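Student: Sharing a structure with you now.
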Amino acid sequence: MNEYDYIIVGAGTAGCVLANRLTADGKHKVLLIEAGGKDDYFWINIPVGYLYTIGNPRTDWCYQIQPDPGLNGRTIGYARGKVLGGCSSINAMVYMRGQRSDYDHWAQLGNRGWAWDDVLPVFRKSEDYQHGADEFHGEGGPLRVEERRVNWEILEAWREAAEECGIPRIDEFNRGDNFGNAYFQMNQRRGVRWSATKAFLRPAMSRPNLEVITEATVQQLDLENRRARGLTFRTRQGERLQVRARREVILSAGSVGSTQLLQLSGIGPGELLRDRGVAVAHDLPGVGENLQDHLQIRMVYKVHDTITLNRRANSLIGKAAMGLEYALFKTGPLTMPPSQLGAFAMSDDTQTTPNMEWHVQPLSLDKFGEPLHPFDAITPSVCNLRPTSRGHIRIVSNRPDDHPAITLNYLSTDADRQVALSGIRYTRRIMAANALARFRPEEFMPGPDCRSEQALLKAAGDLGTTIFHPVGTCKMGNDPMSVVDDRLRVQGIDGLRVIDASIMPSITSGNTNAPTVMIAEKGAEFVLADSAA
C-alpha cells in the first residue's frame with residue numbers, strides 16, 4: 001500500500017493549486033487523484049471551445065439537476081469539468097473575485113482570516129496581471145489575467161446604454177465594489193485559455209514528490225477512529241487500490257464531488273446515509289445542504305445595422321475568416337469567452353452593494369450546444385448575485401458511479417422572485433436607451449407581450465439557467481450545519497479537509513473560479529502551517 005504525506009482528491013481548480021503549493025518545498029510526498037482524463041482535447045485551449053466542451057461527455061460530467069418548480073418543472077444540464085483543470089478547462093475564463101462585502105460577511109459569521117483585507121493579498125499572490133502590480137493586482141504569479149482580444153460595436157453601445165440607465169462605465173471590476181459596467185478580464189495568455197492545469201499543475205508535475213493519477217474513481221475514504229487514514233480508488237482497468245495518508249486527505253472535487261464522496265464514506269446526514277445503504281461513520285447534517293448557485297435569465301434581442309457573432313458564425317466565409325485571424329494573430333471571435341461585457345447594479349433602493357450582474361453576449365442561441373440564431377442578436381443575461389433560495393446534493397445509492405441528485409430550488413423564495421422581476425425590467429430599460437436606438441432592438445425572448453408579473457415570473461422560469469456556480473455544500477463555519485471550520489478541517493474527523501468552492505458559507509457576488517483559487521491558496525497555507533507546528 002503506497003503512502004503519501006497528502007492525498008488530494010480532484011485535479012480541478014483547487015486541486016491544481018494545492019498540488020503546486022504542497023510540493024513546492026520538496027518536503028512532502030503528494031498524490032493527486034482525478035476521476036476525469038487529461039486535458040488534451042483540441043477545443044480546451046481555444047477560448048470559444050467552451051461551445052464544444054460543455055455538454056461533451058469527454059470533458060464534462062454532464063450532470064442534470066432535478067426537475068425544478070422554479071424553472072417550471074424543467075431539468076437542465078449542470079456542467080462540471082471532467083479533465084485535469086476541472087471547470088477551469090471548460091469555463092467562461094472570467095476573472096472575478098466578488099466584492100468586499102462577500103468576504104467581510106464570511107468573517108462576520110465567525111470565520112477568522114476570511115475578510116476582504118485578509119483575502120486580497122492572497123488574490124494578488126496568485127495573479128499575473130497584464131497591466132502590472134498595483135494596490136489591487138499582483139504580477140508574476142501563476143494565474144495570468146488579460147483583457148479581451150476582440151471588439152463589437154453592439155457591446156460598446158450597450159455600455160453607453162447602461163450608463164444612461166445609471167450603471168456607470170468603469171475601468172475594471174475586482175477592486176471590492178463592482179458597481180458599474182466594464183469588460184471582463186479573463187484567464188488567458190495571448191488568446192489561449194490559461195487553465196489551472198497550465199497555471200499551477202504543469203509546473204509541479206516535473207517534481208519527484210508529486211504523483212498524478214487520472215481516470216481513477218475514489219470509492220470511499222478509509223476511516224479509523226474518526227481519522228482519515230487514506231482512501232480506496234478504482235482504476236480505469238477496474239483494479240481497486242488503497243493508498244495511505246501520513247498527514248491528511250484533502251477533498252477538492254468541488255461542490256458535487258466532495259459532497260458525494262463524504263456521503264459515500266459515511267460522513268453526512270445520518271438518516272440519508274442509512275436510507276442509501278451507507279454505514280454512518282459521522283453524522284454531519286450539513287454535508288450536501290446549503291447549495292447555492294447563480295441563476296441567469298437569458299433575454300434575447302434582435303438587432304439591425306450591425307454585425308454580431310450570429311452572422312459571422314453562420315457564414316462559411318465568416319468562419320474561415322475567424323479561424324484565419326485566430327491562427328495568425330490569436331485575436332478575434334475565437335478568443336471570446338461566453339460573455340465579454342459585464343455590469344453590476346442594485347435591484348432596489350434597499351441594497352447597499354450590487355446584487356445583480358449582467359453577462360452580455362454579441363450572440364444568441366436557444367441553449368448551449370444548439371446553433372446560433374439566423375439573425376443578428378445580443379443576449380443580455382441578468383442574474384441574482386445573492387440568492388436566498390437553497391438547494392442540496394444527495395447521493396441516490398451507495399455506488400460511486402451513480403450521479404447524485406442535485407436539487408437547486410431556484411426562485412423558491414419571494415426575495416429571489418422579486419430580484420428576477422427587477423432584472424428583467426432593468427434589462428428592458430437598458431435596451432430601450434438612446435444609445436441602442438440606432439440598432440432598433442426587438443425583444444425576441446421572452447417577447448414584448450410578456451408584461452404582467454405572472455407572465456414575467458413564468459418567463460424567468462422558462463429562460464432561467466445556471467451559470468455553473470455551485471457552492472456551499474460543505475460550508476465553513478461553527479454552527480450546527482457547518483461542515484468545515486475556518487481552517488477547512490472537517491468537523492469531527494481528524495486528518496481530513498475540504499478545500500474547494502463547497503466551503504463558501506454564502507456565494508460570492510460574481511463568477512466563482514477566482515475565489516476558488518483563493519480558497520485553495522489559503523487552504524495550502526493552513527496545511528503547511530499545521531505540518532510545521
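Identifiers in this document derive from the order of the C-alpha cells: chains are assigned A, B, ..., residues are numbered from 1 separately in each chain, and ligands are numbered from 1 in order of occurrence.
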Skipping near chain neighbours, those fewer than 3 positions away, what residues fall within 12 Å of Gln351 in chain A using only C-alpha atoms, listed as a PyMOL selection string?
Tutor: chain A and resi 101+179+345-348+354-356+385-386+419
Student: Take the residues from that selection and put them in a file with C-alpha atoms, as a PDB file, in the first residue's frame.
Tutor:
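File out24.pdb, as written:
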ATOM      1  CA  SER A 101     -18.929  42.711   1.379  1.00  0.00           C
ATOM      2  CA  PHE A 179     -20.892  48.794  -9.224  1.00  0.00           C
ATOM      3  CA  ALA A 345     -26.149  47.156 -10.119  1.00  0.00           C
ATOM      4  CA  MET A 346     -28.655  47.158  -7.266  1.00  0.00           C
ATOM      5  CA  SER A 347     -32.113  45.714  -7.823  1.00  0.00           C
ATOM      6  CA  ASP A 348     -33.764  48.252  -5.499  1.00  0.00           C
ATOM      7  CA  PRO A 354     -24.710  45.406  -6.265  1.00  0.00           C
ATOM      8  CA  ASN A 355     -26.827  42.266  -6.158  1.00  0.00           C
ATOM      9  CA  MET A 356     -27.371  41.828  -9.918  1.00  0.00           C
ATOM     10  CA  LEU A 385     -25.840  37.546  -7.139  1.00  0.00           C
ATOM     11  CA  ARG A 386     -27.105  36.800  -3.640  1.00  0.00           C
ATOM     12  CA  VAL A 419     -34.928  40.240  -7.980  1.00  0.00           C
TER      13      VAL A 419
END
Student: Taking 5 positions as the minimum chain separation for residues in the same chain, which residues sit within 9 Å of Ile250 in chain A when counting only C-alpha atoms? Answer as a list in words.
Tutor: Tyr6, Ile7, Ile8, Val9, Gly10, Gly15, Gly495, Leu496, Arg497, Val498 and Ile499 of chain A
Student: Find the residue from A:Ala182, A:Asn20, A:Tyr301, A:Gly492 that sits nearest to Glu160 in chain A; use only C-alpha atoms when measuring.
Tutor: A:Ala182
Student: Range 66-81 of chain A: which residues within 7 Å, counting only C-alpha atoms, same-chain residues fewer than 2 positions away excluded, as a PDB file with N, CA and C atoms, in the first residue's frame?
Tutor:
ATOM      1  N   ILE A  54     -18.588  21.987 -23.046  1.00  0.00           N
ATOM      2  CA  ILE A  54     -19.746  21.887 -22.159  1.00  0.00           C
ATOM      3  C   ILE A  54     -20.798  20.997 -22.826  1.00  0.00           C
ATOM      4  N   GLY A  55     -21.229  19.984 -22.103  1.00  0.00           N
ATOM      5  CA  GLY A  55     -22.184  19.024 -22.667  1.00  0.00           C
ATOM      6  C   GLY A  55     -21.538  17.892 -23.438  1.00  0.00           C
ATOM      7  N   THR A  59     -15.364  15.805 -21.786  1.00  0.00           N
ATOM      8  CA  THR A  59     -14.811  16.873 -20.960  1.00  0.00           C
ATOM      9  C   THR A  59     -15.733  17.341 -19.839  1.00  0.00           C
ATOM     10  N   ASP A  60     -16.949  16.840 -19.803  1.00  0.00           N
ATOM     11  CA  ASP A  60     -17.966  17.318 -18.874  1.00  0.00           C
ATOM     12  C   ASP A  60     -18.652  16.100 -18.247  1.00  0.00           C
ATOM     13  N   TRP A  61     -18.868  16.151 -16.927  1.00  0.00           N
ATOM     14  CA  TRP A  61     -19.567  15.055 -16.258  1.00  0.00           C
ATOM     15  C   TRP A  61     -21.035  14.999 -16.654  1.00  0.00           C
ATOM     16  N   CYS A  62     -21.538  16.054 -17.264  1.00  0.00           N
ATOM     17  CA  CYS A  62     -22.908  16.059 -17.809  1.00  0.00           C
ATOM     18  C   CYS A  62     -23.966  15.709 -16.762  1.00  0.00           C
ATOM     19  N   TYR A  63     -23.850  16.321 -15.599  1.00  0.00           N
ATOM     20  CA  TYR A  63     -24.896  16.167 -14.598  1.00  0.00           C
ATOM     21  C   TYR A  63     -26.186  16.820 -15.086  1.00  0.00           C
ATOM     22  N   GLN A  64     -27.292  16.384 -14.530  1.00  0.00           N
ATOM     23  CA  GLN A  64     -28.592  17.006 -14.744  1.00  0.00           C
ATOM     24  C   GLN A  64     -29.182  17.335 -13.378  1.00  0.00           C
ATOM     25  N   VAL A  83     -11.808  16.779 -16.723  1.00  0.00           N
ATOM     26  CA  VAL A  83     -10.421  16.671 -17.170  1.00  0.00           C
ATOM     27  C   VAL A  83      -9.529  17.371 -16.154  1.00  0.00           C
ATOM     28  N   GLY A  86     -10.280  20.659 -14.263  1.00  0.00           N
ATOM     29  CA  GLY A  86     -11.676  20.737 -13.893  1.00  0.00           C
ATOM     30  C   GLY A  86     -12.418  21.799 -14.677  1.00  0.00           C
ATOM     31  N   CYS A  87     -13.213  22.588 -13.971  1.00  0.00           N
ATOM     32  CA  CYS A  87     -14.027  23.598 -14.648  1.00  0.00           C
ATOM     33  C   CYS A  87     -13.181  24.698 -15.264  1.00  0.00           C
ATOM     34  N   SER A  89     -10.917  24.296 -17.202  1.00  0.00           N
ATOM     35  CA  SER A  89     -10.627  23.849 -18.564  1.00  0.00           C
ATOM     36  C   SER A  89     -11.820  23.990 -19.506  1.00  0.00           C
ATOM     37  N   ILE A  90     -13.001  24.298 -18.961  1.00  0.00           N
ATOM     38  CA  ILE A  90     -14.182  24.404 -19.815  1.00  0.00           C
ATOM     39  C   ILE A  90     -15.020  25.640 -19.513  1.00  0.00           C
ATOM     40  N   ALA A 405     -28.214  13.258  -6.728  1.00  0.00           N
ATOM     41  CA  ALA A 405     -29.356  14.107  -7.075  1.00  0.00           C
ATOM     42  C   ALA A 405     -29.019  15.545  -6.690  1.00  0.00           C
ATOM     43  N   ILE A 406     -29.094  16.443  -7.689  1.00  0.00           N
ATOM     44  CA  ILE A 406     -28.766  17.853  -7.493  1.00  0.00           C
ATOM     45  C   ILE A 406     -30.063  18.651  -7.553  1.00  0.00           C
ATOM     46  N   THR A 407     -30.430  19.230  -6.436  1.00  0.00           N
ATOM     47  CA  THR A 407     -31.685  19.980  -6.328  1.00  0.00           C
ATOM     48  C   THR A 407     -31.343  21.437  -6.027  1.00  0.00           C
ATOM     49  N   ASN A 409     -33.721  24.284  -6.290  1.00  0.00           N
ATOM     50  CA  ASN A 409     -34.817  25.096  -5.739  1.00  0.00           C
ATOM     51  C   ASN A 409     -34.712  26.559  -6.169  1.00  0.00           C
ATOM     52  N   TYR A 410     -34.391  26.780  -7.440  1.00  0.00           N
ATOM     53  CA  TYR A 410     -34.313  28.142  -7.959  1.00  0.00           C
ATOM     54  C   TYR A 410     -35.626  28.894  -7.746  1.00  0.00           C
ATOM     55  N   LEU A 411     -35.523  30.185  -7.480  1.00  0.00           N
ATOM     56  CA  LEU A 411     -36.694  31.080  -7.395  1.00  0.00           C
ATOM     57  C   LEU A 411     -37.726  30.578  -6.392  1.00  0.00           C
ATOM     58  N   SER A 412     -37.257  29.911  -5.339  1.00  0.00           N
ATOM     59  CA  SER A 412     -38.196  29.345  -4.365  1.00  0.00           C
ATOM     60  C   SER A 412     -38.539  30.314  -3.242  1.00  0.00           C
ATOM     61  N   GLY A 461     -38.793  31.512 -15.263  1.00  0.00           N
ATOM     62  CA  GLY A 461     -38.658  30.059 -15.153  1.00  0.00           C
ATOM     63  C   GLY A 461     -38.356  29.390 -16.475  1.00  0.00           C
ATOM     64  N   ASP A 462     -38.905  29.940 -17.574  1.00  0.00           N
ATOM     65  CA  ASP A 462     -38.665  29.360 -18.893  1.00  0.00           C
ATOM     66  C   ASP A 462     -37.258  29.664 -19.403  1.00  0.00           C
ATOM     67  N   GLY A 464     -34.615  30.943 -17.442  1.00  0.00           N
ATOM     68  CA  GLY A 464     -33.556  30.848 -16.443  1.00  0.00           C
ATOM     69  C   GLY A 464     -32.696  29.613 -16.625  1.00  0.00           C
ATOM     70  N   PHE A 468     -23.383  27.891 -13.739  1.00  0.00           N
ATOM     71  CA  PHE A 468     -22.435  26.865 -13.288  1.00  0.00           C
ATOM     72  C   PHE A 468     -21.579  27.356 -12.119  1.00  0.00           C
TER      73      PHE A 468
END
Student: Write out as a VMD selection string which residues come within 12 Å of Val30 in chain A when counting only C-alpha atoms, dropping same-chain ones fewer than 2 positions away.
Tutor: chain A and resid 2 to 9 15 to 16 18 to 28 32 to 33 204 to 205 207 to 213 243 to 250
Student: List the neighbours of Arg144 in chain A out to 9 Å using only C-alpha atoms; skip same-chain residues closer than 5 positions along the sequence, and give me the result as a ChimeraX atom specification.
Tutor: /A:126-130,139,186-189,194,199
Student: Take the residues from that selection and put them in a file with all heavy atoms, as a tab-separated table (two decimals), in the first residue's frame.
Tutor:
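Listing of part-v8.tsv after writing:
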chain	number	residue	atom	x	y	z
A	126	SER	N	-1.55	35.04	-6.36
A	126	SER	CA	-1.75	34.11	-7.47
A	126	SER	C	-1.59	34.78	-8.83
A	126	SER	O	-1.33	34.12	-9.83
A	126	SER	CB	-3.15	33.50	-7.41
A	126	SER	OG	-3.36	32.79	-6.23
A	127	GLU	N	-1.77	36.09	-8.89
A	127	GLU	CA	-2.08	36.76	-10.14
A	127	GLU	C	-0.85	37.22	-10.91
A	127	GLU	O	0.14	37.67	-10.34
A	127	GLU	CB	-2.96	37.99	-9.82
A	127	GLU	CG	-3.55	38.66	-11.03
A	127	GLU	CD	-4.43	39.85	-10.63
A	127	GLU	OE1	-4.37	40.29	-9.47
A	127	GLU	OE2	-5.18	40.33	-11.50
A	128	ASP	N	-0.96	37.12	-12.22
A	128	ASP	CA	-0.01	37.74	-13.15
A	128	ASP	C	-0.85	38.66	-14.04
A	128	ASP	O	-1.35	38.26	-15.08
A	128	ASP	CB	0.72	36.69	-13.97
A	128	ASP	CG	1.79	37.31	-14.87
A	128	ASP	OD1	2.24	38.43	-14.57
A	128	ASP	OD2	2.17	36.67	-15.86
A	129	TYR	N	-0.98	39.90	-13.61
A	129	TYR	CA	-1.90	40.86	-14.22
A	129	TYR	C	-1.25	41.54	-15.41
A	129	TYR	O	-0.11	42.01	-15.33
A	129	TYR	CB	-2.31	41.87	-13.17
A	129	TYR	CG	-3.38	42.85	-13.56
A	129	TYR	CD1	-4.59	42.42	-14.08
A	129	TYR	CD2	-3.20	44.22	-13.38
A	129	TYR	CE1	-5.59	43.32	-14.41
A	129	TYR	CE2	-4.19	45.13	-13.70
A	129	TYR	CZ	-5.38	44.68	-14.23
A	129	TYR	OH	-6.37	45.57	-14.56
A	130	GLN	N	-1.99	41.59	-16.49
A	130	GLN	CA	-1.45	42.14	-17.74
A	130	GLN	C	-0.88	43.55	-17.57
A	130	GLN	O	0.13	43.90	-18.19
A	130	GLN	CB	-2.56	42.16	-18.80
A	130	GLN	CG	-2.11	42.75	-20.14
A	130	GLN	CD	-3.22	42.70	-21.18
A	130	GLN	OE1	-4.24	42.05	-20.99
A	130	GLN	NE2	-3.04	43.39	-22.29
A	139	GLU	N	1.60	40.68	-9.84
A	139	GLU	CA	2.35	40.42	-11.06
A	139	GLU	C	3.34	39.30	-10.79
A	139	GLU	O	3.92	39.23	-9.71
A	139	GLU	CB	3.09	41.68	-11.51
A	139	GLU	CG	3.83	41.55	-12.82
A	139	GLU	CD	4.51	42.85	-13.23
A	139	GLU	OE1	4.71	43.72	-12.36
A	139	GLU	OE2	4.82	43.00	-14.42
A	186	MET	N	-9.92	38.19	-18.21
A	186	MET	CA	-10.01	36.75	-18.41
A	186	MET	C	-8.71	36.03	-18.10
A	186	MET	O	-7.63	36.61	-18.17
A	186	MET	CB	-10.40	36.47	-19.86
A	186	MET	CG	-11.76	37.00	-20.25
A	186	MET	SD	-12.01	36.95	-22.04
A	186	MET	CE	-10.93	38.29	-22.55
A	187	ASN	N	-8.86	34.75	-17.77
A	187	ASN	CA	-7.70	33.88	-17.58
A	187	ASN	C	-7.28	33.33	-18.94
A	187	ASN	O	-7.63	32.21	-19.33
A	187	ASN	CB	-8.03	32.75	-16.61
A	187	ASN	CG	-8.28	33.26	-15.20
A	187	ASN	OD1	-9.27	32.93	-14.58
A	187	ASN	ND2	-7.38	34.08	-14.70
A	188	GLN	N	-6.57	34.18	-19.68
A	188	GLN	CA	-6.00	33.81	-20.97
A	188	GLN	C	-4.56	34.31	-21.03
A	188	GLN	O	-4.18	35.25	-20.32
A	188	GLN	CB	-6.78	34.44	-22.12
A	188	GLN	CG	-8.17	33.91	-22.33
A	188	GLN	CD	-8.84	34.48	-23.57
A	188	GLN	OE1	-8.19	35.11	-24.42
A	188	GLN	NE2	-10.13	34.28	-23.70
A	189	ARG	N	-3.78	33.67	-21.87
A	189	ARG	CA	-2.44	34.17	-22.20
A	189	ARG	C	-2.35	34.26	-23.71
A	189	ARG	O	-2.34	33.27	-24.41
A	189	ARG	CB	-1.34	33.26	-21.65
A	189	ARG	CG	0.07	33.80	-21.90
A	189	ARG	CD	1.15	32.90	-21.35
A	189	ARG	NE	1.20	32.92	-19.90
A	189	ARG	CZ	1.80	33.86	-19.17
A	189	ARG	NH1	2.41	34.87	-19.78
A	189	ARG	NH2	1.81	33.78	-17.87
A	194	TRP	N	-6.02	29.95	-20.17
A	194	TRP	CA	-4.99	29.73	-19.15
A	194	TRP	C	-5.66	29.05	-17.96
A	194	TRP	O	-6.09	29.69	-17.01
A	194	TRP	CB	-4.33	31.04	-18.76
A	194	TRP	CG	-3.01	30.84	-18.07
A	194	TRP	CD1	-2.72	31.11	-16.77
A	194	TRP	CD2	-1.81	30.31	-18.64
A	194	TRP	NE1	-1.42	30.78	-16.50
A	194	TRP	CE2	-0.83	30.28	-17.63
A	194	TRP	CE3	-1.47	29.85	-19.92
A	194	TRP	CZ2	0.48	29.83	-17.85
A	194	TRP	CZ3	-0.18	29.39	-20.14
A	194	TRP	CH2	0.77	29.39	-19.11
A	199	ALA	N	-1.53	26.92	-15.23
A	199	ALA	CA	-1.01	27.87	-14.25
A	199	ALA	C	-0.30	27.18	-13.09
A	199	ALA	O	0.77	27.63	-12.67
A	199	ALA	CB	-2.16	28.72	-13.72
Student: Please, which residues in range 231-310 of chain A fall within 12 Å of range 363-368 of chain A when counting only C-alpha atoms, and what is the closest atom pair and distance in Å to one decimal for each, ordered by chain then residue number, as JSON lines?
Tutor:
{"residue": "A:Ile297", "atom": "CA", "partner": "A:Lys367", "partner_atom": "CA", "distance": 11.8}
{"residue": "A:Arg298", "atom": "CA", "partner": "A:Ser364", "partner_atom": "CA", "distance": 9.2}
{"residue": "A:Met299", "atom": "CA", "partner": "A:Ser364", "partner_atom": "CA", "distance": 9.1}
{"residue": "A:Val300", "atom": "CA", "partner": "A:Ser364", "partner_atom": "CA", "distance": 6.5}
{"residue": "A:Tyr301", "atom": "CA", "partner": "A:Ser364", "partner_atom": "CA", "distance": 8.3}
{"residue": "A:Lys302", "atom": "CA", "partner": "A:Ser364", "partner_atom": "CA", "distance": 8.8}
{"residue": "A:Val303", "atom": "CA", "partner": "A:Leu363", "partner_atom": "CA", "distance": 10.2}
{"residue": "A:Thr306", "atom": "CA", "partner": "A:Leu363", "partner_atom": "CA", "distance": 11.8}
{"residue": "A:Ile307", "atom": "CA", "partner": "A:Leu363", "partner_atom": "CA", "distance": 9.7}
{"residue": "A:Thr308", "atom": "CA", "partner": "A:Leu363", "partner_atom": "CA", "distance": 6.0}
{"residue": "A:Leu309", "atom": "CA", "partner": "A:Leu363", "partner_atom": "CA", "distance": 5.2}
{"residue": "A:Asn310", "atom": "CA", "partner": "A:Leu363", "partner_atom": "CA", "distance": 5.4}
Student: DSSP on the backbone: what in range 402-501 of chain A comes out helix (DSSP H, G or I), as a VMD selection string?
Tutor: chain A and resid 414 to 431 434 to 439 453 to 463 501
Student: When you draw a straight line from CA of Gly36 in chain A to CA of Lys82 in chain A, how long is it in Å?
Tutor: 4.4 Å
Student: For range 145-155 of chain A, work out the shell of residues within 10 Å, counting only C-alpha atoms and skipping chain neighbours fewer than 6 positions away, then give it as a PyMOL selection string.
Tutor: chain A and resi 93-95+127-131+137-139+161+172+183-191+194+303-309+329-337+340-342+360-362+377-378+380+435-436+439
Student: Please produce a file of those selected residues containing N, CA and C atoms, as a short mmCIF file (atom, residue, chain, number, x, y, z; two decimals), in the first residue's frame.
Tutor:
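So the final result, stored in again_22.cif, reads:
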data_model
loop_
_atom_site.label_atom_id
_atom_site.label_comp_id
_atom_site.auth_asym_id
_atom_site.auth_seq_id
_atom_site.Cartn_x
_atom_site.Cartn_y
_atom_site.Cartn_z
N MET A 93 -13.77 31.53 -18.27
CA MET A 93 -12.47 32.19 -18.12
C MET A 93 -12.57 33.57 -17.47
N VAL A 94 -13.74 33.96 -16.97
CA VAL A 94 -13.90 35.28 -16.37
C VAL A 94 -13.17 35.33 -15.04
N TYR A 95 -12.32 36.35 -14.88
CA TYR A 95 -11.61 36.54 -13.61
C TYR A 95 -12.40 37.54 -12.78
N GLU A 127 -1.77 36.09 -8.89
CA GLU A 127 -2.08 36.76 -10.14
C GLU A 127 -0.85 37.22 -10.91
N ASP A 128 -0.96 37.12 -12.22
CA ASP A 128 -0.01 37.74 -13.15
C ASP A 128 -0.85 38.66 -14.04
N TYR A 129 -0.98 39.90 -13.61
CA TYR A 129 -1.90 40.86 -14.22
C TYR A 129 -1.25 41.54 -15.41
N GLN A 130 -1.99 41.59 -16.49
CA GLN A 130 -1.45 42.14 -17.74
C GLN A 130 -0.88 43.55 -17.57
N HIS A 131 -1.49 44.36 -16.72
CA HIS A 131 -1.08 45.75 -16.57
C HIS A 131 -0.10 45.98 -15.43
N HIS A 137 -3.78 44.43 -7.64
CA HIS A 137 -3.37 43.35 -8.53
C HIS A 137 -1.94 42.90 -8.27
N GLY A 138 -1.67 41.66 -8.64
CA GLY A 138 -0.34 41.11 -8.50
C GLY A 138 0.29 40.85 -9.85
N GLU A 139 1.60 40.68 -9.84
CA GLU A 139 2.35 40.42 -11.06
C GLU A 139 3.34 39.30 -10.79
N ALA A 161 -25.59 52.59 -23.13
CA ALA A 161 -26.98 52.47 -22.70
C ALA A 161 -27.08 52.21 -21.20
N GLU A 172 -12.52 48.63 -14.57
CA GLU A 172 -12.44 47.19 -14.30
C GLU A 172 -13.21 46.87 -13.03
N TYR A 183 -15.65 45.70 -19.34
CA TYR A 183 -15.34 44.42 -19.98
C TYR A 183 -14.69 43.49 -18.96
N PHE A 184 -15.07 42.23 -19.04
CA PHE A 184 -14.48 41.24 -18.16
C PHE A 184 -13.00 41.04 -18.49
N GLN A 185 -12.21 40.82 -17.45
CA GLN A 185 -10.84 40.34 -17.64
C GLN A 185 -10.84 38.83 -17.51
N MET A 186 -9.92 38.19 -18.21
CA MET A 186 -10.01 36.75 -18.41
C MET A 186 -8.71 36.03 -18.10
N ASN A 187 -8.86 34.75 -17.77
CA ASN A 187 -7.70 33.88 -17.58
C ASN A 187 -7.28 33.33 -18.94
N GLN A 188 -6.57 34.18 -19.68
CA GLN A 188 -6.00 33.81 -20.97
C GLN A 188 -4.56 34.31 -21.03
N ARG A 189 -3.78 33.67 -21.87
CA ARG A 189 -2.44 34.17 -22.20
C ARG A 189 -2.35 34.26 -23.71
N ARG A 190 -2.34 35.52 -24.19
CA ARG A 190 -2.23 35.81 -25.63
C ARG A 190 -3.25 35.00 -26.44
N GLY A 191 -4.50 35.04 -25.99
CA GLY A 191 -5.58 34.44 -26.75
C GLY A 191 -5.79 32.96 -26.55
N TRP A 194 -6.02 29.95 -20.17
CA TRP A 194 -4.99 29.73 -19.15
C TRP A 194 -5.66 29.05 -17.96
N VAL A 303 -31.10 42.62 -33.36
CA VAL A 303 -30.57 43.96 -33.64
C VAL A 303 -30.31 44.09 -35.14
N HIS A 304 -30.20 45.34 -35.60
CA HIS A 304 -30.07 45.62 -37.03
C HIS A 304 -28.91 46.59 -37.26
N ASP A 305 -28.43 46.61 -38.50
CA ASP A 305 -27.39 47.55 -38.92
C ASP A 305 -26.11 47.40 -38.12
N THR A 306 -25.81 46.18 -37.72
CA THR A 306 -24.55 45.87 -37.05
C THR A 306 -24.29 44.37 -37.25
N ILE A 307 -23.08 43.96 -37.00
CA ILE A 307 -22.71 42.55 -37.16
C ILE A 307 -22.45 41.95 -35.79
N THR A 308 -23.05 40.80 -35.54
CA THR A 308 -22.80 40.05 -34.31
C THR A 308 -22.21 38.68 -34.69
N LEU A 309 -21.89 37.92 -33.68
CA LEU A 309 -21.30 36.61 -33.94
C LEU A 309 -22.26 35.71 -34.70
N PHE A 329 -3.03 35.57 -35.53
CA PHE A 329 -2.82 36.64 -34.54
C PHE A 329 -3.31 36.30 -33.14
N LYS A 330 -4.03 35.20 -32.97
CA LYS A 330 -4.66 34.87 -31.69
C LYS A 330 -5.56 36.01 -31.21
N THR A 331 -6.29 36.60 -32.15
CA THR A 331 -7.28 37.63 -31.84
C THR A 331 -8.60 37.24 -32.50
N GLY A 332 -9.63 38.05 -32.26
CA GLY A 332 -10.90 37.85 -32.93
C GLY A 332 -11.88 37.00 -32.15
N PRO A 333 -13.00 36.64 -32.76
CA PRO A 333 -14.08 35.95 -32.05
C PRO A 333 -13.70 34.61 -31.42
N LEU A 334 -12.69 33.91 -31.96
CA LEU A 334 -12.34 32.63 -31.35
C LEU A 334 -11.68 32.80 -29.99
N THR A 335 -11.31 34.03 -29.63
CA THR A 335 -10.76 34.28 -28.29
C THR A 335 -11.87 34.60 -27.29
N MET A 336 -13.12 34.62 -27.75
CA MET A 336 -14.22 35.06 -26.89
C MET A 336 -14.59 34.03 -25.83
N PRO A 337 -14.77 34.49 -24.60
CA PRO A 337 -15.48 33.66 -23.62
C PRO A 337 -16.98 33.77 -23.91
N GLN A 340 -18.31 38.80 -22.78
CA GLN A 340 -17.19 39.74 -22.74
C GLN A 340 -17.47 40.93 -21.85
N LEU A 341 -18.72 41.34 -21.79
CA LEU A 341 -19.09 42.57 -21.11
C LEU A 341 -19.92 42.26 -19.88
N GLY A 342 -19.65 42.97 -18.79
CA GLY A 342 -20.39 42.76 -17.57
C GLY A 342 -20.89 44.06 -16.98
N VAL A 360 -23.15 40.03 -20.93
CA VAL A 360 -23.70 40.49 -22.20
C VAL A 360 -22.92 39.86 -23.35
N GLN A 361 -23.67 39.24 -24.27
CA GLN A 361 -23.07 38.45 -25.34
C GLN A 361 -23.51 38.98 -26.70
N PRO A 362 -22.58 39.15 -27.65
CA PRO A 362 -22.96 39.59 -29.00
C PRO A 362 -23.38 38.41 -29.87
N ALA A 377 -28.05 39.37 -33.18
CA ALA A 377 -28.73 39.49 -31.90
C ALA A 377 -27.72 39.72 -30.78
N ILE A 378 -28.26 40.13 -29.65
CA ILE A 378 -27.49 40.34 -28.43
C ILE A 378 -28.25 39.67 -27.29
N PRO A 380 -28.40 39.92 -23.32
CA PRO A 380 -28.05 40.46 -22.01
C PRO A 380 -28.64 39.59 -20.90
N ALA A 435 -28.78 55.09 -26.62
CA ALA A 435 -27.53 54.62 -27.19
C ALA A 435 -27.72 53.41 -28.10
N LEU A 436 -28.78 52.66 -27.88
CA LEU A 436 -29.04 51.47 -28.70
C LEU A 436 -30.09 51.69 -29.78
N PHE A 439 -29.77 50.68 -33.50
CA PHE A 439 -29.75 49.26 -33.86
C PHE A 439 -31.14 48.64 -33.81
#
Student: Choose the residue, out of A:Ala520, A:Leu408, A:Ala11, A:Ala432, that has the smallest atom-to-atom separation from Asp293 in chain A; count only C-alpha atoms.
Tutor: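 Smallest separation from Asp293 in chain A among the options: A:Leu408.
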Student: Any chance you could list, as JSON, numbers by chain, the residues in range 207-276 of chain A that come up strand (DSSP E or B) when DSSP is run on the backbone?
Tutor: {"A": [210, 211, 212, 213, 217, 218, 219, 220, 221, 222, 223, 227, 228, 229, 230, 231, 232, 233, 234, 240, 241, 242, 243, 244, 245, 246, 247, 248, 249, 250, 251, 267, 268]}
Student: For Thr259 in chain A, please output as an MDAnalysis selection string all residues within 7 Å (counting only C-alpha atoms; exclusion window: fewer than 4 positions along the same chain).
Tutor: chainID A and resid 255 263 287:288 473:474
Student: Tell me which of A:Gly49, A:Gly286, A:Pro505, A:Pro400 sits closest to Gln220 in chain A, counting only C-alpha atoms.
Tutor: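 Residue with the minimum atom-to-atom distance to Gln220 in chain A: A:Pro400.
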